[in-house]
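Encoded as structure tokens, the structure appears first; notes follow it.
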Amino acid sequence: MIVAIVGMPGSGKTTAASFLKERGCAVIRFGDITEEILRENGLEINEANERMVREEIRKKHGMDAYAKLNKGKIDSLLQQGKVIAIDGLYSWEEYLFMKENYTNRFVVLHIYASPRTRYDRLKRRSVRPLSEDEAWQRDKAEIEKLNKAGPIAMADYVIINEDDLESLRRNVEDFYERVVRPAVTST
């Protein structure tokens, strides 16, 4: 089974993925490719450089680039019988690629948080913090240039993450028990 976690920046995607990892799921973070390219080119990891690399990758490989570039890793983990949590499926084209290649084994979990909540989190986070304006610009770019709204609109499940970490943990564990565990034990 593959659980693609979608949502806007600061919604809690990475945290939700870490909770699934604690339950034994393998985690693939699509954004790792961006950070690897930044490091290889000696560029600072910041919002402007990340955006530039994301857009270049998609220009070179297509809007489904991150799904295509991670296909080998996904296939290998599936062959090992792993449940995979994908942190950061963004584009409509990535969604279509995953749906086409993994049909019934693929579900989308949307982690939702309001812009006000997300911007506050993004400002306070220790890794890659963003000002409110930077967060707004990133939202705008992801919606307009990365076709991010489609996968969110087509999510199979939604967790609202407006509260504390323990609330998110309980909701992710509930999702795991209701959706992931039954799928795994039925195969």
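Naming scheme: A, B, ... for chains in displayed order of the structure tokens; residues 1 onward per chain; ligands 1 onward as shown.
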For the interface of region 92-125 of chain A with region 140-157 of chain A (cut-off 8 Å, counting only C-alpha atoms), please tabulate each contacting residue of region 92-125 of chain A alongside its nearest pair of atoms and their separation in Å to one decimal, rows sorted by chain and increasing number, as a tab-separated table.
residue	atom	partner	partner_atom	distance
A:Trp92	CA	A:Gly150	CA	5.0
A:Glu93	CA	A:Asn147	CA	7.9
A:Tyr95	CA	A:Pro151	CA	6.0
A:Val107	CA	A:Asp156	CA	6.1
A:Val108	CA	A:Ala155	CA	4.8
A:Leu109	CA	A:Tyr157	CA	4.8
A:His110	CA	A:Ala155	CA	5.8
For the helix (DSSP H, G or I) assignment from backbone DSSP, which residues of chain A qualify? Please present them as a compact mmCIF listing (two decimals) with C-alpha atoms, in the first residue's frame.
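Final output, out.txt:
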# COMPACT_ATOMS: atom_id res chain seq x y z
CA LYS A 13 2.72 16.32 6.24
CA THR A 14 6.21 15.47 7.47
CA THR A 15 5.01 15.00 11.04
CA ALA A 16 2.20 12.70 9.84
CA ALA A 17 4.76 10.74 7.80
CA SER A 18 6.97 10.38 10.89
CA PHE A 19 4.02 8.97 12.86
CA LEU A 20 3.40 6.43 10.07
CA LYS A 21 7.11 5.59 10.13
CA GLU A 22 6.79 4.80 13.84
CA ASP A 32 14.78 14.97 -0.78
CA ILE A 33 15.60 15.12 -4.50
CA THR A 34 15.48 18.92 -4.38
CA GLU A 35 17.77 19.07 -1.35
CA GLU A 36 20.23 16.59 -2.91
CA ILE A 37 20.53 18.80 -6.02
CA LEU A 38 21.02 21.91 -3.89
CA ARG A 39 23.83 20.21 -1.92
CA GLU A 40 25.47 18.83 -5.09
CA GLU A 47 12.95 28.93 -0.17
CA ALA A 48 14.20 30.74 -3.28
CA ASN A 49 16.73 28.02 -4.21
CA GLU A 50 14.26 25.22 -3.46
CA ARG A 51 11.63 26.84 -5.70
CA MET A 52 14.18 27.33 -8.50
CA VAL A 53 15.29 23.66 -8.36
CA ARG A 54 11.71 22.31 -8.12
CA GLU A 55 10.73 24.29 -11.18
CA GLU A 56 13.88 23.25 -13.10
CA ILE A 57 13.33 19.56 -12.29
CA ARG A 58 9.77 19.76 -13.57
CA LYS A 59 10.84 21.69 -16.66
CA LYS A 60 13.40 18.97 -17.45
CA HIS A 61 11.40 15.84 -16.49
CA ALA A 65 9.04 14.36 -12.25
CA TYR A 66 9.20 13.51 -8.56
CA ALA A 67 6.96 10.47 -8.97
CA LYS A 68 8.96 9.24 -11.97
CA LEU A 69 12.32 9.86 -10.27
CA ASN A 70 11.18 7.92 -7.18
CA LYS A 71 9.52 5.01 -9.05
CA GLY A 72 12.49 2.66 -8.63
CA LYS A 73 12.60 3.27 -4.87
CA ILE A 74 8.80 2.82 -4.61
CA ASP A 75 8.87 -0.43 -6.60
CA SER A 76 11.73 -1.81 -4.53
CA LEU A 77 9.95 -1.10 -1.24
CA LEU A 78 6.69 -2.60 -2.53
CA GLN A 79 8.58 -5.75 -3.55
CA TRP A 92 -1.78 16.72 -10.42
CA GLU A 93 0.52 14.93 -12.88
CA GLU A 94 2.31 13.11 -10.04
CA TYR A 95 -1.08 12.06 -8.72
CA LEU A 96 -2.07 10.72 -12.16
CA PHE A 97 1.28 8.91 -12.52
CA MET A 98 0.84 7.22 -9.14
CA LYS A 99 -2.81 6.36 -9.82
CA GLU A 100 -1.89 4.85 -13.20
CA ASN A 101 1.08 2.87 -11.91
CA TYR A 102 -0.24 1.74 -8.55
CA THR A 103 -4.04 1.75 -9.04
CA ASN A 104 -5.67 0.03 -6.04
CA ARG A 105 -2.61 0.20 -3.77
CA PRO A 115 -3.35 29.44 6.38
CA ARG A 116 -3.20 31.29 9.71
CA THR A 117 -2.20 28.11 11.56
CA ARG A 118 0.29 27.07 8.88
CA TYR A 119 1.96 30.48 8.63
CA ASP A 120 2.42 30.56 12.40
CA ARG A 121 4.00 27.08 12.32
CA LEU A 122 6.24 27.96 9.38
CA LYS A 123 7.49 31.09 11.12
CA ARG A 124 8.40 29.11 14.27
CA GLU A 132 4.38 35.13 6.56
CA ASP A 133 5.11 36.74 3.18
CA GLU A 134 7.44 33.88 2.17
CA ALA A 135 4.78 31.37 3.22
CA TRP A 136 2.15 33.19 1.15
CA GLN A 137 4.49 33.32 -1.86
CA ARG A 138 5.21 29.61 -1.51
CA ASP A 139 1.48 28.80 -1.31
CA LYS A 140 0.87 30.88 -4.41
CA ALA A 141 3.73 29.29 -6.36
CA GLU A 142 2.74 25.74 -5.38
CA ILE A 143 -0.87 26.28 -6.42
CA GLU A 144 -0.13 28.20 -9.63
CA LYS A 145 3.07 26.52 -10.87
CA ALA A 149 -4.68 21.69 -5.81
CA GLY A 150 -5.67 18.57 -7.80
CA PRO A 151 -4.24 15.92 -5.44
CA ILE A 152 -5.65 17.80 -2.45
CA ALA A 153 -9.10 17.92 -4.06
CA LEU A 165 0.89 17.42 18.09
CA GLU A 166 -0.86 14.80 20.18
CA SER A 167 -4.12 15.45 18.38
CA LEU A 168 -2.41 14.92 15.03
CA ARG A 169 -0.77 11.75 16.36
CA ARG A 170 -4.14 10.36 17.49
CA ASN A 171 -5.71 11.17 14.12
CA VAL A 172 -2.85 9.56 12.16
CA GLU A 173 -2.97 6.47 14.38
CA ASP A 174 -6.74 6.28 13.84
CA PHE A 175 -6.16 6.52 10.06
CA TYR A 176 -3.55 3.78 10.30
CA GLU A 177 -5.90 1.47 12.23
CA ARG A 178 -8.93 2.14 10.00
CA VAL A 179 -7.23 2.22 6.58
CA VAL A 180 -3.66 0.90 6.53
CA ARG A 181 -3.80 -2.07 8.91
CA PRO A 182 -6.90 -3.64 7.27
CA ALA A 183 -5.35 -3.25 3.82
CA VAL A 184 -2.09 -4.84 4.95
CA THR A 185 -3.67 -7.75 6.79
Quiz prompt | For CA of Asp163 (chain A) and CA of Val3 (chain A), the interatomic separation in Å (one decimal) | solution =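 The value is 22.4 Å.
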Exercise. Enumerate the residues of region 14-50 of chain A with a DSSP assignment of strand (DSSP E or B), computed from the backbone, and present them as a count of residues only.
Key: 4
